[in-house]
>>> print(open('entry22.txt').read())   # compact mmCIF, C-alpha atoms and all ligand atoms
# COMPACT_ATOMS: atom_id res chain seq x y z
CA MET Y 24 105.57 109.74 64.40
CA ARG Y 25 102.69 107.30 64.78
CA TYR Y 26 102.90 103.89 66.42
CA THR Y 27 101.04 101.23 64.52
CA TYR Y 28 100.60 97.55 65.28
CA GLU Y 29 100.40 94.57 63.01
CA PRO Y 30 96.73 94.05 62.00
CA ASP Y 31 96.53 90.84 64.02
CA VAL Y 32 97.63 92.73 67.16
CA GLU Y 33 94.90 95.35 66.62
CA GLU Y 34 92.35 92.57 66.13
CA PHE Y 35 93.57 91.03 69.34
CA ARG Y 36 93.02 94.37 71.14
CA GLN Y 37 89.38 94.35 70.05
CA GLU Y 38 89.00 90.77 71.24
CA VAL Y 39 90.41 91.69 74.67
CA ARG Y 40 88.01 94.67 74.93
CA GLN Y 41 85.05 92.49 74.06
CA PHE Y 42 86.13 89.86 76.59
CA ILE Y 43 86.38 92.46 79.37
CA LYS Y 44 82.96 93.83 78.48
CA GLU Y 45 81.41 90.38 78.70
CA ASN Y 46 83.19 89.18 81.82
CA LEU Y 47 83.45 92.13 84.19
CA PRO Y 48 80.85 94.39 85.87
CA PRO Y 49 80.26 97.96 84.59
CA GLU Y 50 83.05 100.49 84.83
CA GLU Y 51 81.85 102.29 87.97
CA VAL Y 52 81.84 99.01 89.92
CA ARG Y 53 85.21 98.01 88.46
CA LEU Y 54 86.75 101.30 89.37
CA GLN Y 55 85.66 101.06 92.97
CA ARG Y 56 87.02 97.52 93.18
CA GLY Y 57 90.18 98.58 91.39
CA TYR Y 58 91.18 100.45 94.53
CA GLU Y 59 92.67 97.78 96.69
CA GLY Y 60 90.34 96.71 99.43
CA GLY Y 61 87.15 98.14 97.89
CA PHE Y 62 85.31 94.91 98.80
CA LYS Y 63 82.89 93.88 101.51
CA SER Y 64 84.97 90.85 102.53
CA ASN Y 65 88.21 89.05 101.75
CA GLN Y 66 86.21 86.25 100.19
CA GLU Y 67 84.46 88.67 97.83
CA GLU Y 68 87.81 90.07 96.69
CA TYR Y 69 89.27 86.58 96.27
CA ASP Y 70 86.30 85.36 94.23
CA TYR Y 71 86.16 88.48 92.04
CA THR Y 72 89.89 88.40 91.26
CA MET Y 73 90.43 84.66 90.89
CA GLY Y 74 87.07 84.16 89.15
CA PHE Y 75 88.14 86.60 86.42
CA GLN Y 76 91.63 85.11 86.24
CA LYS Y 77 90.17 81.63 85.80
CA LYS Y 78 88.29 82.95 82.77
CA LEU Y 79 91.55 84.43 81.47
CA ALA Y 80 93.16 81.04 82.03
CA GLU Y 81 90.40 79.23 80.10
CA LYS Y 82 90.90 81.70 77.25
CA GLY Y 83 94.64 80.93 77.28
CA TRP Y 84 95.55 84.52 78.18
CA LEU Y 85 96.62 84.36 81.81
CA ALA Y 86 100.07 82.96 81.05
CA MET Y 87 100.19 84.07 77.42
CA ALA Y 88 103.82 85.16 77.62
CA TRP Y 89 105.00 81.75 78.83
CA PRO Y 90 106.42 79.08 76.55
CA LYS Y 91 103.91 76.49 75.29
CA GLU Y 92 105.53 73.64 77.23
CA TYR Y 93 104.55 75.38 80.49
CA GLY Y 94 100.97 76.13 79.48
CA GLY Y 95 101.52 79.51 77.83
CA SER Y 96 101.18 80.52 74.21
CA GLY Y 97 104.55 82.21 73.68
CA ALA Y 98 102.71 85.46 72.78
CA SER Y 99 104.79 88.22 71.21
CA HIS Y 100 105.85 91.18 73.36
CA MET Y 101 103.51 93.43 71.39
CA ARG Y 102 100.52 91.21 72.17
CA GLN Y 103 101.47 91.23 75.84
CA LEU Y 104 101.79 95.01 75.74
CA VAL Y 105 98.33 95.44 74.23
CA TYR Y 106 96.87 92.93 76.70
CA ASN Y 107 98.44 94.72 79.70
CA GLU Y 108 97.35 98.09 78.31
CA GLU Y 109 93.71 97.03 77.94
CA MET Y 110 93.57 95.30 81.33
CA ALA Y 111 94.97 98.39 83.11
CA TYR Y 112 92.77 100.82 81.14
CA ASN Y 113 89.70 98.85 82.18
CA GLN Y 114 90.72 98.27 85.83
CA ALA Y 115 90.57 94.52 85.29
CA PRO Y 116 91.89 92.39 88.19
CA ALA Y 117 94.55 90.74 86.05
CA GLY Y 118 97.64 91.21 88.29
CA ASN Y 119 99.06 87.91 89.48
CA MET Y 120 102.44 87.46 91.17
CA GLY Y 121 102.42 83.74 90.41
CA ILE Y 122 102.37 84.56 86.72
CA ALA Y 123 104.68 87.58 87.03
CA TRP Y 124 107.63 85.96 88.79
CA VAL Y 125 106.97 82.71 90.66
CA GLY Y 126 106.28 80.66 87.52
CA PRO Y 127 109.09 82.20 85.45
CA SER Y 128 111.52 81.61 88.36
CA LEU Y 129 110.42 77.97 88.60
CA MET Y 130 111.01 77.56 84.87
CA LEU Y 131 114.57 78.82 85.34
CA TYR Y 132 115.56 77.27 88.68
CA GLY Y 133 112.82 74.85 89.77
CA THR Y 134 113.14 71.06 90.00
CA GLU Y 135 110.97 68.89 87.72
CA GLU Y 136 108.85 67.95 90.73
CA GLN Y 137 108.28 71.62 91.63
CA LYS Y 138 107.36 72.50 88.05
CA THR Y 139 104.87 69.64 87.84
CA LYS Y 140 103.26 70.47 91.17
CA PHE Y 141 103.09 74.27 91.05
CA ILE Y 142 103.08 75.50 87.45
CA PRO Y 143 99.72 74.02 86.35
CA ARG Y 144 98.07 75.53 89.44
CA ILE Y 145 99.51 78.93 88.55
CA THR Y 146 98.40 78.81 84.91
CA SER Y 147 94.87 77.79 85.90
CA ALA Y 148 94.58 80.48 88.63
CA ASP Y 149 94.07 77.92 91.40
CA ASP Y 150 96.54 79.64 93.76
CA TRP Y 151 96.94 83.26 94.81
CA TRP Y 152 100.60 84.09 95.42
CA CYS Y 153 102.02 86.90 97.54
CA THR Y 154 105.60 88.17 97.69
CA LEU Y 155 107.44 88.05 101.01
CA TYR Y 156 110.52 90.24 100.47
CA SER Y 157 110.34 93.52 102.45
CA GLU Y 158 110.98 93.70 106.18
CA PRO Y 159 110.87 96.59 108.65
CA GLY Y 160 114.66 97.00 108.25
CA ALA Y 161 114.96 95.89 104.61
CA GLY Y 162 113.13 97.64 101.77
CA SER Y 163 115.32 99.45 99.25
CA ASP Y 164 118.26 97.63 100.85
CA LEU Y 165 116.56 94.27 100.44
CA ALA Y 166 119.74 92.27 100.95
CA ALA Y 167 119.66 93.39 104.61
CA LEU Y 168 116.70 91.05 105.28
CA GLN Y 169 116.86 89.20 108.61
CA THR Y 170 114.10 86.54 108.48
CA ARG Y 171 115.94 83.31 109.27
CA ALA Y 172 115.55 79.87 107.72
CA THR Y 173 117.42 77.19 109.64
CA ARG Y 174 117.81 73.66 108.31
CA ASP Y 175 116.40 70.88 110.50
CA GLY Y 176 116.45 67.46 108.80
CA ASP Y 177 114.25 67.55 105.72
CA GLU Y 178 112.78 70.89 106.68
CA TYR Y 179 113.67 74.52 107.23
CA VAL Y 180 112.39 76.42 110.26
CA ILE Y 181 111.42 80.02 109.52
CA ASN Y 182 111.44 82.83 112.10
CA GLY Y 183 111.07 86.54 111.49
CA GLN Y 184 108.79 89.19 110.03
CA LYS Y 185 107.81 90.60 106.65
CA ILE Y 186 105.96 93.84 105.95
CA TRP Y 187 103.93 95.52 103.16
CA THR Y 188 102.88 92.10 101.87
CA SER Y 189 100.29 92.89 99.19
CA GLY Y 190 97.42 90.39 99.23
CA GLY Y 191 99.03 88.42 102.09
CA HIS Y 192 95.56 88.07 103.67
CA LEU Y 193 94.23 86.45 100.49
CA ALA Y 194 97.21 84.41 99.38
CA ASP Y 195 97.42 80.61 99.32
CA TRP Y 196 101.18 80.64 98.78
CA GLY Y 197 104.06 82.99 99.58
CA TRP Y 198 107.22 83.58 97.55
CA LEU Y 199 109.64 84.02 100.42
CA ALA Y 200 113.21 85.30 100.67
CA ALA Y 201 114.93 84.25 103.91
CA ARG Y 202 118.47 84.23 105.30
CA THR Y 203 120.05 80.78 105.38
CA ASP Y 204 123.65 81.83 106.09
CA PRO Y 205 123.92 84.66 108.62
CA ASP Y 206 127.73 84.61 108.46
CA ALA Y 207 128.04 85.11 104.70
CA PRO Y 208 128.20 88.61 103.12
CA LYS Y 209 124.59 89.86 103.02
CA HIS Y 210 123.94 89.18 99.31
CA LYS Y 211 125.29 85.65 99.59
CA GLY Y 212 123.26 84.10 102.41
CA ILE Y 213 119.68 84.36 101.07
CA THR Y 214 117.49 81.50 99.78
CA MET Y 215 114.10 81.44 98.03
CA PHE Y 216 111.23 79.34 99.40
CA MET Y 217 107.65 78.54 98.49
CA LEU Y 218 105.61 78.81 101.66
CA ASP Y 219 102.08 77.52 102.26
CA MET Y 220 100.45 80.57 103.85
CA LYS Y 221 98.20 78.31 105.95
CA SER Y 222 101.24 76.70 107.66
CA PRO Y 223 101.14 76.66 111.48
CA GLY Y 224 103.11 79.63 112.87
CA VAL Y 225 102.21 82.09 110.07
CA THR Y 226 100.29 85.14 111.30
CA VAL Y 227 98.99 87.74 108.84
CA ARG Y 228 98.01 91.10 110.31
CA PRO Y 229 96.31 93.79 108.22
CA LEU Y 230 97.95 97.16 107.59
CA ILE Y 231 95.26 99.70 106.72
CA ASN Y 232 96.65 102.33 104.36
CA MET Y 233 95.91 106.04 104.51
CA SER Y 234 92.98 105.75 102.11
CA ASP Y 235 91.46 103.39 104.68
CA ARG Y 236 91.90 100.28 102.51
CA HIS Y 237 93.34 96.89 103.30
CA GLY Y 238 95.77 95.96 100.55
CA PHE Y 239 98.94 95.03 102.38
CA ASN Y 240 99.88 93.28 105.62
CA GLU Y 241 102.52 92.38 108.17
CA VAL Y 242 103.39 88.67 108.18
CA PHE Y 243 105.03 87.00 111.18
CA PHE Y 244 106.75 83.58 111.21
CA GLU Y 245 107.13 81.64 114.43
CA ASP Y 246 108.90 78.29 113.99
CA VAL Y 247 107.19 77.75 110.63
CA ARG Y 248 108.31 74.47 109.06
CA VAL Y 249 108.83 74.36 105.30
CA PRO Y 250 109.91 71.15 103.51
CA ALA Y 251 113.39 71.43 101.97
CA SER Y 252 111.73 70.35 98.71
CA GLN Y 253 110.20 73.84 98.62
CA VAL Y 254 113.55 75.63 98.29
CA VAL Y 255 113.71 77.15 94.82
CA GLY Y 256 117.09 77.27 93.13
CA GLU Y 257 120.39 77.07 94.93
CA VAL Y 258 120.66 77.56 98.67
CA ASN Y 259 122.31 80.94 99.43
CA ARG Y 260 121.91 82.11 95.80
CA GLY Y 261 118.42 83.58 96.37
CA TRP Y 262 119.56 87.18 95.93
CA TYR Y 263 120.61 86.48 92.36
CA HIS Y 264 117.39 84.58 91.63
CA MET Y 265 115.37 87.52 92.97
CA ALA Y 266 117.29 90.03 90.86
CA VAL Y 267 116.39 88.09 87.70
CA ALA Y 268 112.74 87.76 88.79
CA LEU Y 269 112.43 91.53 89.28
CA ASP Y 270 113.30 91.99 85.61
CA PHE Y 271 110.37 89.96 84.25
CA GLU Y 272 107.62 92.60 83.91
CA ARG Y 273 109.13 95.93 83.13
CA SER Y 274 107.32 98.10 80.61
CA GLY Y 275 105.20 100.06 83.10
CA ILE Y 276 102.40 100.41 80.53
CA GLY Y 277 99.73 99.92 83.21
CA ALA Y 278 100.40 103.35 84.74
CA TYR Y 279 99.90 105.06 81.39
CA ALA Y 280 96.81 103.10 80.35
CA GLY Y 281 95.23 103.74 83.76
CA GLY Y 282 96.32 107.39 83.63
CA ARG Y 283 94.75 107.85 80.20
CA ARG Y 284 91.45 106.48 81.47
CA SER Y 285 91.56 108.81 84.50
CA ILE Y 286 92.14 111.85 82.30
CA GLU Y 287 89.23 110.85 80.07
CA ARG Y 288 86.95 110.58 83.09
CA LEU Y 289 88.12 113.93 84.52
CA THR Y 290 87.67 115.62 81.13
CA LYS Y 291 84.12 114.27 80.88
CA ILE Y 292 83.34 115.59 84.36
CA ALA Y 293 84.79 119.01 83.43
CA LYS Y 294 82.50 119.15 80.39
CA GLU Y 295 79.43 118.04 82.33
CA HIS Y 296 80.07 120.50 85.19
CA PRO Y 297 81.00 123.90 83.69
CA GLU Y 298 80.77 125.41 87.18
CA LEU Y 299 83.93 123.50 88.11
CA ILE Y 300 85.84 125.16 85.27
CA GLU Y 301 84.41 128.59 86.12
CA ARG Y 302 85.65 128.17 89.67
CA ARG Y 303 89.13 127.18 88.52
CA PRO Y 304 89.74 128.11 84.84
CA SER Y 305 93.38 126.96 84.96
CA ILE Y 306 92.13 123.37 85.25
CA ARG Y 307 91.85 123.29 81.45
CA THR Y 308 95.59 123.81 80.97
CA GLU Y 309 96.37 121.51 83.90
CA LEU Y 310 94.48 118.70 82.14
CA ALA Y 311 96.34 119.57 78.94
CA ASP Y 312 99.66 119.08 80.76
CA ARG Y 313 98.52 115.72 82.09
CA VAL Y 314 97.49 114.41 78.69
CA ILE Y 315 100.89 115.39 77.27
CA GLU Y 316 102.55 113.48 80.10
CA VAL Y 317 100.48 110.36 79.40
CA ASN Y 318 101.48 110.49 75.75
CA VAL Y 319 105.17 110.97 76.57
CA GLY Y 320 105.10 108.20 79.17
CA THR Y 321 103.37 105.78 76.84
CA ILE Y 322 106.33 106.10 74.52
CA LEU Y 323 108.70 105.34 77.42
CA ALA Y 324 106.72 102.12 78.03
CA TYR Y 325 106.61 101.23 74.34
CA ARG Y 326 110.38 101.68 74.20
CA VAL Y 327 110.86 99.11 76.96
CA ALA Y 328 108.48 96.67 75.24
CA THR Y 329 110.17 97.08 71.85
CA MET Y 330 113.57 96.46 73.47
CA GLN Y 331 112.21 93.23 74.95
CA ALA Y 332 110.74 92.29 71.57
CA LYS Y 333 114.26 92.60 70.13
CA GLY Y 334 115.66 90.32 72.84
CA LEU Y 335 117.34 93.14 74.77
CA VAL Y 336 117.08 93.45 78.57
CA PRO Y 337 115.80 96.92 79.51
CA ASN Y 338 117.40 98.36 82.60
CA HIS Y 339 117.52 102.12 83.22
CA GLU Y 340 114.90 102.44 80.46
CA ALA Y 341 112.45 100.47 82.62
CA SER Y 342 113.36 102.62 85.64
CA ALA Y 343 112.53 105.76 83.62
CA SER Y 344 109.11 104.34 82.71
CA LYS Y 345 108.35 103.28 86.30
CA LEU Y 346 109.54 106.60 87.75
CA PHE Y 347 107.70 108.82 85.28
CA GLY Y 348 104.51 106.72 85.41
CA SER Y 349 104.22 106.67 89.20
CA GLU Y 350 104.94 110.40 89.61
CA MET Y 351 102.55 111.18 86.75
CA GLY Y 352 99.87 109.09 88.50
CA GLN Y 353 100.20 111.37 91.53
CA ARG Y 354 99.94 114.48 89.37
CA ILE Y 355 96.81 113.17 87.62
CA SER Y 356 95.16 112.42 90.97
CA LEU Y 357 96.05 115.92 92.21
CA THR Y 358 94.61 117.46 89.04
CA GLY Y 359 91.42 115.52 89.78
CA MET Y 360 91.34 117.04 93.28
CA HIS Y 361 91.89 120.51 91.80
CA LEU Y 362 89.03 119.97 89.35
CA LEU Y 363 86.58 118.72 91.98
CA GLY Y 364 87.54 121.19 94.69
CA THR Y 365 85.78 120.41 97.97
CA PHE Y 366 83.64 117.77 96.18
CA GLY Y 367 86.88 115.82 95.83
CA GLN Y 368 86.96 115.20 99.56
CA LEU Y 369 83.67 113.28 99.59
CA ARG Y 370 84.13 109.55 99.98
CA ASP Y 371 81.94 106.50 99.38
CA GLY Y 372 78.25 106.99 99.99
CA SER Y 373 77.89 110.79 99.93
CA LYS Y 374 74.97 111.87 97.75
CA HIS Y 375 76.91 114.98 96.67
CA GLN Y 376 79.91 113.00 95.47
CA ILE Y 377 80.66 113.32 91.74
CA ILE Y 378 83.31 110.57 91.80
CA ASP Y 379 85.42 109.12 94.61
CA GLN Y 380 88.58 111.01 93.75
CA ALA Y 381 89.93 111.09 97.31
CA THR Y 382 90.56 107.33 97.50
CA GLY Y 383 92.57 107.37 94.29
CA TYR Y 384 94.43 110.50 95.35
CA LEU Y 385 95.49 109.03 98.69
CA GLY Y 386 96.23 105.68 97.04
CA SER Y 387 98.49 107.25 94.42
CA VAL Y 388 101.05 108.14 97.10
CA SER Y 389 102.25 104.56 97.33
CA GLY Y 390 103.08 104.39 93.60
CA THR Y 391 106.43 106.10 94.08
CA ILE Y 392 107.38 103.69 96.90
CA ALA Y 393 106.17 100.26 95.71
CA ALA Y 394 108.47 98.21 93.44
CA GLY Y 395 111.45 100.51 94.03
CA THR Y 396 111.20 104.12 95.21
CA SER Y 397 111.66 107.16 92.98
CA GLU Y 398 115.04 107.86 94.62
CA ILE Y 399 116.22 104.34 93.78
CA GLN Y 400 114.99 104.67 90.16
CA ARG Y 401 116.77 108.04 89.77
CA GLY Y 402 119.94 106.44 91.16
CA ILE Y 403 119.72 103.67 88.54
CA ILE Y 404 119.21 106.18 85.71
CA ALA Y 405 122.13 108.32 86.96
CA THR Y 406 124.57 105.44 87.35
CA ARG Y 407 123.58 102.86 84.74
CA GLY Y 408 121.99 105.26 82.24
CA LEU Y 409 124.31 108.27 82.47
CA GLY Y 410 127.41 106.50 83.78
CA LEU Y 411 127.72 108.85 86.76
CA PRO Y 412 129.45 107.66 89.97
CA ARG Y 413 127.36 106.17 92.80
CA GLY Y 414 126.27 108.71 95.44
C1 LIG I 1 101.57 99.64 97.76
C2 LIG I 1 102.80 98.86 98.14
C3 LIG I 1 102.80 97.51 97.94
C4 LIG I 1 103.92 96.76 98.31
N1 LIG I 1 103.87 95.39 98.15
C5 LIG I 1 104.92 94.64 98.56
C6 LIG I 1 104.85 93.22 98.50
O1 LIG I 1 103.86 92.65 98.04
N2 LIG I 1 105.89 92.50 98.95
C7 LIG I 1 107.01 93.11 99.45
O2 LIG I 1 107.93 92.39 99.83
N3 LIG I 1 107.10 94.45 99.54
C8 LIG I 1 106.08 95.24 99.13
N4 LIG I 1 106.15 96.60 99.23
C9 LIG I 1 107.33 97.21 99.87
C10 LIG I 1 108.20 98.02 98.93
O3 LIG I 1 108.94 97.17 98.08
C11 LIG I 1 109.09 98.90 99.80
O4 LIG I 1 108.26 99.80 100.49
C12 LIG I 1 110.09 99.66 99.00
O5 LIG I 1 111.06 98.81 98.47
C13 LIG I 1 110.79 100.74 99.86
O6 LIG I 1 111.30 100.19 101.03
P1 LIG I 1 110.98 100.84 102.46
O7 LIG I 1 109.53 101.10 102.54
O8 LIG I 1 111.62 99.98 103.48
O9 LIG I 1 111.69 102.25 102.44
P2 LIG I 1 113.25 102.53 102.65
O10 LIG I 1 114.04 101.63 101.77
O11 LIG I 1 113.55 102.50 104.11
O12 LIG I 1 113.37 104.00 102.11
C14 LIG I 1 113.02 105.15 102.88
C15 LIG I 1 113.39 106.38 102.08
O13 LIG I 1 114.83 106.40 101.86
C16 LIG I 1 115.11 106.47 100.47
N5 LIG I 1 116.28 105.66 100.14
C17 LIG I 1 116.56 104.41 100.58
N6 LIG I 1 117.72 103.98 100.04
C18 LIG I 1 118.18 104.97 99.24
C19 LIG I 1 119.31 105.12 98.40
N7 LIG I 1 120.22 104.14 98.27
N8 LIG I 1 119.45 106.29 97.72
C20 LIG I 1 118.53 107.29 97.83
N9 LIG I 1 117.44 107.20 98.63
C21 LIG I 1 117.25 106.06 99.31
C22 LIG I 1 113.88 105.88 99.79
O14 LIG I 1 113.76 106.34 98.46
C23 LIG I 1 112.77 106.38 100.68
O15 LIG I 1 112.42 107.71 100.35
C24 LIG I 1 105.06 97.38 98.87
C25 LIG I 1 105.05 98.76 99.06
C26 LIG I 1 103.93 99.50 98.72
C27 LIG I 1 103.95 100.98 98.94
>>> encode(input="entry22.txt", output="structure tokens")
Amino acid sequence: MRYTYEPDVEEFRQEVRQFIKENLPPEEVRLQRGYEGGFKSNQEEYDYTMGFQKKLAEKGWLAMAWPKEYGGSGASHMRQLVYNEEMAYNQAPAGNMGIAWVGPSLMLYGTEEQKTKFIPRITSADDWWCTLYSEPGAGSDLAALQTRATRDGDEYVINGQKIWTSGGHLADWGWLAARTDPDAPKHKGITMFMLDMKSPGVTVRPLINMSDRHGFNEVFFEDVRVPASQVVGEVNRGWYHMAVALDFERSGIGAYAGGRRSIERLTKIAKEHPELIERRPSIRTELADRVIEVNVGTILAYRVATMQAKGLVPNHEASASKLFGSEMGQRISLTGMHLLGTFGQLRDGSKHQIIDQATGYLGSVSGTIAAGTSEIQRGIIATRGLGLPRG
């Protein structure tokens, strides 16, 4: 079986490639920056990411999936798939939580005033959004979150703590889930807020991950005042709004496009350094296994995208793509370490380094935790996919 695209989708792919070539630095620089925190300063990361996204916005691509009335172009699911595939393959800084779920949530539940104020700034990449869901005691069991929002006149007062907030140190705005009714059953007392990250009482503290990069943070709220006009949707219905938002981007194609690029790079290194293969001949078959996995996984992602194109809502199918892609990403990184041997341990700046494999290897660990752990994905596939009882 061979997947083919409509000719206009293939043409679009070429246009995206050309755009990336003209608007981003060479691959080696991109790759280094692709690892979160591979920048000299926060400002450099902000400018690199938002500068590129502004160009995407000018081209009409940043919000391409959105309806025209909100500044999108109503692009087909196949165009979006190809766009996401090319961006991930080329390590382009195209990820944007405002586009992924804040904007779509506002379209569904926002007031006219909220849409007018926030949506144009999202589609033009004027604001960096972060997501304030997880807490020290609420990750997989997100409904257990304890951050409190208490009504006081025209405002809410926020107290509590979030954790693992990606880009919290760079964000202008936060998409916050907080508890507004502590007496209601846990899924029924949560409300969504838009929070100005520069508000008095917000403290963002870096969390340095094990590859020594600063990607996520702890965020503390001490009597932070948020206007009631920044509640999104119904008070105490936030859990249900969040559940819908988590369904927006689901194909998981990024893991496979990025994985394919990594295998190509490792294969090139293996060919250029025959001594690495002599030292570990089995690396040839290990790379063969990885390329099979990328091909299999790509079909899992295409399946999700084709379901969406038909108007269906993927569920356990998206979990299968996320699960397989994140675990495959770890296997590819490990294969890279096997190929490079002790050279794989050399980090930035060593003159003997072939590539910085170690940063990617350590970074790949988080893939099976972020956006729903592997155990949670397997649970979804077992119950919703296979109809087995809950464990
Ligand atoms: C790189 C990265 C970026 C992130 N970015 C953000 C962000 O921007 N905003 C944000 O809010 N959060 C973010 N997170 C947090 C992420 O959503 C949580 O880490 C994730 O949901 C898991 O929650 P936890 O860490 O509290 O682990 P826990 O939920 O405490 O899980 C601990 C272990 O128990 C297992 N487990 C838990 N429940 C079950 C169950 N029912 N069945 C079987 N096993 C179970 C888990 O699989 C895991 O192995 C990020 C995480 C990472 C790694």
>>> residues_around(input="entry22.txt", residues="Y:Tyr106", least_positions_apart="5", cutoff="9 Å", atoms="all atoms listed in the file", output="PyMOL selection string")
chain Y and resi 35-36+39+84+101+111
>>> residues_around(input="entry22.txt", residues="Y:Leu104", least_positions_apart="2", cutoff="9 Å", atoms="all atoms listed in the file", output="list in words")
Ser99, His100, Met101, Arg102, Tyr106, Asn107, Glu108, Glu109, Ser274, Ile276, Ala324, Tyr325 and Ala328 of chain Y
>>> residues_near_ligand(input="entry22.txt", ligand="ligand LIG 1 (chain I)", cutoff="7 Å", atoms="all atoms listed in the file", output="VMD selection string")
chain Y and resid 153 to 164 186 to 190 239 389 to 390 392 to 399 402
>>> residues_around(input="entry22.txt", residues="Y:Pro229", least_positions_apart="5", cutoff="7 Å", atoms="all atoms listed in the file", output="PDB file with C-alpha atoms, keeping the file's coordinate frame")
ATOM      1  CA  HIS Y 237      93.340  96.890 103.300  1.00  0.00           C
ATOM      2  CA  PHE Y 239      98.940  95.030 102.380  1.00  0.00           C
ATOM      3  CA  ASN Y 240      99.880  93.280 105.620  1.00  0.00           C
ATOM      4  CA  GLU Y 241     102.520  92.380 108.170  1.00  0.00           C
TER       5      GLU Y 241
END
>>> closest_atom_pairs(input="entry22.txt", of="stretch 329-414 of chain Y", to="stretch 285-294 of chain Y", cutoff="10 Å", atoms="all atoms listed in the file", output="Markdown table")
| residue | atom | partner | partner_atom | distance |
| --- | --- | --- | --- | --- |
| Y:Gly352 | CA | Y:Ser285 | CA | 9.2 |
| Y:Ile355 | CA | Y:Ile286 | CA | 7.2 |
| Y:Ser356 | CA | Y:Ser285 | CA | 8.2 |
| Y:Thr358 | CA | Y:Leu289 | CA | 8.7 |
| Y:Gly359 | CA | Y:Leu289 | CA | 6.4 |
| Y:Met360 | CA | Y:Leu289 | CA | 9.8 |
| Y:Leu362 | CA | Y:Ala293 | CA | 7.3 |
| Y:Leu363 | CA | Y:Ala293 | CA | 8.7 |
| Y:Ile377 | CA | Y:Ile292 | CA | 8.2 |
| Y:Ile378 | CA | Y:Ile292 | CA | 9.0 |
| Y:Gln380 | CA | Y:Leu289 | CA | 9.7 |
| Y:Gly383 | CA | Y:Ser285 | CA | 9.9 |
>>> write_last_selection(input="entry22.txt", atoms="C-alpha atoms", output="PDB file, in the coordinates of the input")
ATOM      1  CA  GLY Y 352      99.870 109.090  88.500  1.00  0.00           C
ATOM      2  CA  ILE Y 355      96.810 113.170  87.620  1.00  0.00           C
ATOM      3  CA  SER Y 356      95.160 112.420  90.970  1.00  0.00           C
ATOM      4  CA  THR Y 358      94.610 117.460  89.040  1.00  0.00           C
ATOM      5  CA  GLY Y 359      91.420 115.520  89.780  1.00  0.00           C
ATOM      6  CA  MET Y 360      91.340 117.040  93.280  1.00  0.00           C
ATOM      7  CA  LEU Y 362      89.030 119.970  89.350  1.00  0.00           C
ATOM      8  CA  LEU Y 363      86.580 118.720  91.980  1.00  0.00           C
ATOM      9  CA  ILE Y 377      80.660 113.320  91.740  1.00  0.00           C
ATOM     10  CA  ILE Y 378      83.310 110.570  91.800  1.00  0.00           C
ATOM     11  CA  GLN Y 380      88.580 111.010  93.750  1.00  0.00           C
ATOM     12  CA  GLY Y 383      92.570 107.370  94.290  1.00  0.00           C
TER      13      GLY Y 383
END
>>> closest_atom_pairs(input="entry22.txt", of="stretch 129-244 of chain Y", to="stretch 85-97 of chain Y", cutoff="8 Å", atoms="all atoms listed in the file", output="JSON lines")
{"residue": "Y:Ile142", "atom": "CA", "partner": "Y:Tyr93", "partner_atom": "CA", "distance": 7.1}
{"residue": "Y:Pro143", "atom": "CA", "partner": "Y:Gly94", "partner_atom": "CA", "distance": 7.3}
{"residue": "Y:Thr146", "atom": "CA", "partner": "Y:Ala86", "partner_atom": "CA", "distance": 5.9}
{"residue": "Y:Ser147", "atom": "CA", "partner": "Y:Leu85", "partner_atom": "CA", "distance": 7.9}
>>> residues_near_point(input="entry22.txt", point="(109.2, 77.2, 97.6)", cutoff="9 Å", atoms="all atoms listed in the file", output="PDB file with C-alpha atoms, in the coordinates of the input")
ATOM      1  CA  GLY Y 133     112.820  74.850  89.770  1.00  0.00           C
ATOM      2  CA  GLN Y 137     108.280  71.620  91.630  1.00  0.00           C
ATOM      3  CA  TRP Y 196     101.180  80.640  98.780  1.00  0.00           C
ATOM      4  CA  GLY Y 197     104.060  82.990  99.580  1.00  0.00           C
ATOM      5  CA  TRP Y 198     107.220  83.580  97.550  1.00  0.00           C
ATOM      6  CA  LEU Y 199     109.640  84.020 100.420  1.00  0.00           C
ATOM      7  CA  MET Y 215     114.100  81.440  98.030  1.00  0.00           C
ATOM      8  CA  PHE Y 216     111.230  79.340  99.400  1.00  0.00           C
ATOM      9  CA  MET Y 217     107.650  78.540  98.490  1.00  0.00           C
ATOM     10  CA  LEU Y 218     105.610  78.810 101.660  1.00  0.00           C
ATOM     11  CA  ASP Y 219     102.080  77.520 102.260  1.00  0.00           C
ATOM     12  CA  VAL Y 249     108.830  74.360 105.300  1.00  0.00           C
ATOM     13  CA  PRO Y 250     109.910  71.150 103.510  1.00  0.00           C
ATOM     14  CA  ALA Y 251     113.390  71.430 101.970  1.00  0.00           C
ATOM     15  CA  SER Y 252     111.730  70.350  98.710  1.00  0.00           C
ATOM     16  CA  GLN Y 253     110.200  73.840  98.620  1.00  0.00           C
ATOM     17  CA  VAL Y 254     113.550  75.630  98.290  1.00  0.00           C
ATOM     18  CA  VAL Y 255     113.710  77.150  94.820  1.00  0.00           C
TER      19      VAL Y 255
END
>>> atom_distance(input="entry22.txt", atom1="atom CA of Y:Asp379", atom2="atom CA of Y:Glu67")
20.7 Å
>>> closest_residue(input="entry22.txt", among="Y:His375, Y:Lys82, Y:Arg284, Y:Arg401", to="Y:Glu340", atoms="all atoms listed in the file")
Y:Arg401
>>> closest_residue(input="entry22.txt", among="Y:Arg354, Y:Arg260, Y:Phe244, Y:Met265", to="Y:Asp312", atoms="only C-alpha atoms")
Y:Arg354
>>> closest_residue(input="entry22.txt", among="Y:Tyr71, Y:Tyr132, Y:Tyr279, Y:Tyr263", to="Y:Glu350", atoms="all atoms listed in the file")
Y:Tyr279
